[in-house]
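Below is structure-v2.cif, which holds mmCIF, C-alpha atoms.
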data_target
#
loop_
_atom_site.label_atom_id
_atom_site.label_comp_id
_atom_site.auth_asym_id
_atom_site.auth_seq_id
_atom_site.Cartn_x
_atom_site.Cartn_y
_atom_site.Cartn_z
CA MET A 1 19.89 123.63 88.17
CA THR A 2 16.33 123.10 89.36
CA ASP A 3 14.74 119.97 90.78
CA THR A 4 11.96 118.76 88.44
CA ARG A 5 10.72 115.97 90.68
CA GLY A 6 8.05 118.09 92.28
CA PRO A 7 7.64 119.19 95.88
CA GLN A 8 10.12 116.79 97.44
CA GLN A 9 12.36 119.36 99.02
CA ALA A 10 14.07 117.84 101.99
CA ALA A 11 14.07 119.74 105.22
CA PRO A 12 17.52 120.30 106.73
CA HIS A 13 16.71 118.04 109.68
CA GLN A 14 15.60 115.08 107.47
CA GLY A 15 19.03 114.55 105.90
CA ALA A 16 19.90 112.37 102.92
CA ALA A 17 17.31 109.67 103.65
CA ALA A 18 14.45 111.87 102.48
CA GLN A 19 16.20 112.76 99.23
CA THR A 20 16.57 109.08 98.25
CA ALA A 21 12.98 108.16 99.12
CA SER A 22 11.81 108.29 95.48
CA PRO A 23 14.64 107.64 93.04
CA LEU A 24 14.42 108.37 89.35
CA PRO A 25 13.73 105.48 87.03
CA GLY A 26 16.99 103.66 86.44
CA GLU A 27 18.54 104.82 89.73
CA ARG A 28 19.15 102.32 92.49
CA GLN A 29 17.75 102.88 95.89
CA SER A 30 20.60 103.20 98.37
CA GLN A 31 18.59 102.29 101.43
CA GLN A 32 19.38 98.93 102.99
CA GLN A 33 16.59 96.78 104.38
CA ALA A 34 16.76 95.79 108.01
CA GLY A 35 17.18 92.00 107.50
CA PRO A 36 18.09 89.60 104.72
CA TYR A 37 15.85 89.53 101.69
CA HIS A 38 13.32 86.71 101.52
CA PRO A 39 11.51 86.31 98.20
CA PRO A 40 7.75 85.86 98.36
CA GLN A 41 6.73 82.22 98.74
CA ALA A 42 3.89 80.63 96.83
CA TYR A 43 3.02 78.27 99.67
CA PRO A 44 3.37 79.01 103.39
CA ALA A 45 5.84 76.97 105.41
CA GLN A 46 4.72 74.46 108.02
CA ASP A 47 5.82 76.66 110.87
CA GLY A 48 3.57 79.48 109.62
CA THR A 49 6.30 81.77 108.34
CA ALA A 50 6.63 82.66 104.69
CA GLY A 51 9.80 80.89 103.60
CA GLY A 52 12.35 78.84 105.42
CA PRO A 53 13.75 75.40 104.81
CA ALA A 54 10.76 73.62 106.37
CA GLY A 55 8.37 74.77 103.59
CA VAL A 56 6.49 72.02 101.78
CA ARG A 57 4.76 72.64 98.49
CA ARG A 58 1.30 71.19 98.23
CA PRO A 59 -0.61 71.02 94.97
CA ARG A 60 -3.68 73.14 94.62
CA THR A 61 -7.02 71.41 94.75
CA GLY A 62 -8.11 70.42 91.27
CA ALA A 63 -4.66 70.91 89.79
CA ARG A 64 -3.65 68.59 86.98
CA THR A 65 -1.10 65.94 87.88
CA THR A 66 -0.22 64.99 84.29
CA PRO A 67 2.43 67.14 82.63
CA ARG A 68 1.25 69.53 79.98
CA VAL A 69 2.57 68.89 76.47
CA ARG A 70 3.34 71.84 74.27
CA LYS A 71 3.01 71.24 70.54
CA ALA A 72 4.22 73.32 67.65
CA ARG A 73 3.52 72.80 63.97
CA LEU A 74 6.52 73.77 61.90
CA ARG A 75 7.17 73.67 58.20
CA VAL A 76 10.51 73.00 56.53
CA ALA A 77 10.22 75.61 53.81
CA LYS A 78 13.81 75.57 52.53
CA ALA A 79 16.90 73.40 52.83
CA ASP A 80 20.15 75.30 52.42
CA PRO A 81 22.09 73.45 49.69
CA TRP A 82 25.47 74.51 51.08
CA SER A 83 24.77 73.09 54.54
CA VAL A 84 23.26 69.94 53.01
CA MET A 85 26.43 69.50 50.94
CA LYS A 86 28.71 69.89 53.97
CA VAL A 87 26.73 67.47 56.12
CA SER A 88 26.38 64.86 53.37
CA PHE A 89 30.10 65.13 52.60
CA LEU A 90 31.04 64.43 56.22
CA LEU A 91 28.51 61.61 56.55
CA SER A 92 29.66 59.96 53.33
CA ILE A 93 33.31 60.17 54.48
CA ALA A 94 32.30 58.44 57.71
CA LEU A 95 30.42 55.81 55.71
CA GLY A 96 33.47 55.30 53.47
CA ILE A 97 35.76 54.79 56.48
CA CYS A 98 33.29 52.30 57.95
CA THR A 99 33.20 50.44 54.64
CA ILE A 100 37.00 50.14 54.50
CA VAL A 101 37.25 48.95 58.10
CA ALA A 102 34.39 46.47 57.66
CA SER A 103 35.90 44.98 54.52
CA ALA A 104 39.30 44.58 56.23
CA VAL A 105 37.72 42.85 59.23
CA LEU A 106 35.63 40.61 56.98
CA TRP A 107 38.71 39.66 54.93
CA MET A 108 40.66 38.78 58.10
CA VAL A 109 37.82 36.64 59.44
CA MET A 110 37.42 34.79 56.14
CA ASP A 111 41.19 34.27 55.88
CA ALA A 112 41.33 32.92 59.45
CA MET A 113 38.53 30.49 58.63
CA GLY A 114 40.41 29.23 55.56
CA VAL A 115 37.79 30.24 53.02
CA PHE A 116 40.28 31.65 50.51
CA SER A 117 42.56 28.59 50.58
CA THR A 118 39.67 26.15 50.20
CA VAL A 119 37.88 28.04 47.44
CA GLY A 120 41.20 28.94 45.79
CA GLY A 121 42.24 25.27 45.71
CA THR A 122 38.95 24.28 44.10
CA ILE A 123 39.19 27.05 41.47
CA SER A 124 42.84 26.26 40.64
CA GLU A 125 41.95 22.57 40.16
CA ALA A 126 39.03 23.47 37.92
CA THR A 127 40.96 25.95 35.78
CA GLY A 128 44.35 24.24 35.80
CA SER A 129 45.89 22.07 33.16
CA ASN A 130 49.03 19.96 32.92
CA GLU A 131 51.25 22.97 32.16
CA SER A 132 49.71 25.61 34.46
CA ASN A 133 48.36 25.70 37.99
CA GLY A 134 45.19 27.62 37.04
CA PHE A 135 43.72 30.77 38.55
CA ASP A 136 45.26 31.80 41.89
CA LEU A 137 42.42 33.25 43.99
CA GLN A 138 44.58 33.98 47.04
CA SER A 139 46.92 36.32 45.15
CA PHE A 140 43.96 38.04 43.45
CA LEU A 141 42.03 38.54 46.72
CA SER A 142 44.99 39.57 48.87
CA LEU A 143 44.39 42.16 51.61
CA PRO A 144 46.11 45.08 49.77
CA ASN A 145 44.07 44.42 46.62
CA VAL A 146 40.81 44.22 48.59
CA LEU A 147 41.58 47.41 50.53
CA MET A 148 42.54 49.31 47.37
CA PHE A 149 39.32 48.25 45.63
CA THR A 150 37.29 49.20 48.71
CA ALA A 151 39.01 52.61 48.92
CA VAL A 152 38.18 53.34 45.27
CA ILE A 153 34.54 52.40 45.90
CA ALA A 154 34.50 54.61 49.05
CA VAL A 155 35.85 57.65 47.15
CA ILE A 156 33.26 57.20 44.41
CA ASP A 157 30.60 56.88 47.10
CA VAL A 158 31.72 60.15 48.76
CA VAL A 159 31.51 62.06 45.48
CA LEU A 160 28.18 60.57 44.40
CA ALA A 161 26.48 60.86 47.81
CA THR A 162 27.54 64.51 48.19
CA ALA A 163 26.36 65.40 44.69
CA LEU A 164 23.05 63.56 45.04
CA ALA A 165 22.29 65.11 48.44
CA THR A 166 23.01 68.61 47.13
CA LEU A 167 20.88 67.98 44.06
CA GLY A 168 18.15 66.66 46.35
CA ALA A 169 18.25 69.92 48.35
CA PHE A 170 17.77 71.95 45.16
CA ILE A 171 14.88 69.73 44.07
CA TYR A 172 13.30 69.97 47.54
CA ASN A 173 13.51 73.79 47.45
CA LEU A 174 11.79 73.83 44.05
CA SER A 175 9.01 71.50 45.15
CA ALA A 176 8.59 73.29 48.50
CA GLY A 177 7.91 76.49 46.58
CA PHE A 178 4.88 74.81 44.99
CA VAL A 179 3.45 72.76 47.85
CA GLY A 180 4.81 74.60 50.90
CA GLY A 181 7.29 72.05 52.23
CA VAL A 182 7.13 69.27 54.78
CA GLU A 183 5.08 70.00 57.90
CA LEU A 184 6.31 68.70 61.25
CA THR A 185 4.58 68.65 64.62
CA LEU A 186 7.03 68.92 67.51
CA ALA A 187 5.97 68.18 71.09
CA GLU A 188 7.78 69.16 74.28
CA ASP A 189 7.14 67.72 77.72
CA GLU A 190 7.15 70.19 80.58
#

Show me the file's structure as structure tokens.
Amino acid sequence: MTDTRGPQQAAPHQGAAAQTASPLPGERQSQQQAGPYHPPQAYPAQDGTAGGPAGVRRPRTGARTTPRVRKARLRVAKADPWSVMKVSFLLSIALGICTIVASAVLWMVMDAMGVFSTVGGTISEATGSNESNGFDLQSFLSLPNVLMFTAVIAVIDVVLATALATLGAFIYNLSAGFVGGVELTLAEDE
């Protein structure tokens, strides 16, 4: 095998240090430096040495003190209908759960205030006769009935919101093909 690195033949008295003086690209140099490594410093330290814990950075003369803002103009060219469907499904489920909880809390507050008994008494007097007591609002608007009605509305809302959002993604993709989509300008503070 021949050495193709040129005339770098080491003399017998130079040893291994001369052979590692110019490593091939990709090889690591095996020589150790005398002291610890100090990276180059942009600003000299107060004590005159390059580096050290006493170094203070001073701004250059004429340097801007306001942060630079990077801006990028982006265009939403396509909305993936599958991802729009998944996100709208999860958001509509969350909205349905919030609707059920809100209606239960509202029913409990109105029941504690006596709204159902007062309004129910008025309606039963107005609709009652000598033989019957009239319409019973409290049994019609009981908590299980209200929660069941709210749950049905929430399920219908989940199906409709998911379908409409997915249809909206398809319509957006068609219109973005003609006009190019919605353009956004994003800014980042540095």

Enumerate, as a PyMOL selection string, the residues matched when the PyMOL selection byres ((chain A and resi 95-108) around 9) is run on the file above.
chain A and resi 90-94+109-113+141-143+146-147+150-151+153-155+157-158

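Near Ala165 (chain A), within 10 Å and counting all atoms listed in the file, sit Pro81, Val84, Met85, Lys86, Val87, Ser88, Phe89 and Ile171 of chain A, not including residues fewer than 6 positions from it in the same chain.
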
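Note that CA of Trp82 (chain A) and CA of Gly168 (chain A) are 11.7 Å apart.
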
For Thr162 (chain A), which residue among A:Gly177, A:Arg73, A:Phe149, A:Ser83 is the nearest when counting all atoms listed in the file?
A:Ser83

CA of Ile156 (chain A) to CA of Tyr172 (chain A): how many Å, to one decimal?
23.9 Å

Within 10 Å of Lys78 (chain A), counting all atoms listed in the file, which residues qualify if same-chain residues fewer than 2 places away don't, as a ChimeraX atom specification?
/A:75-76,80-81,169-170,172-177,180-182

As an exercise, work out the distance from CA of Phe140 (chain A) to CA of Ala126 (chain A) in Å and give it to one decimal place.
16.3 Å
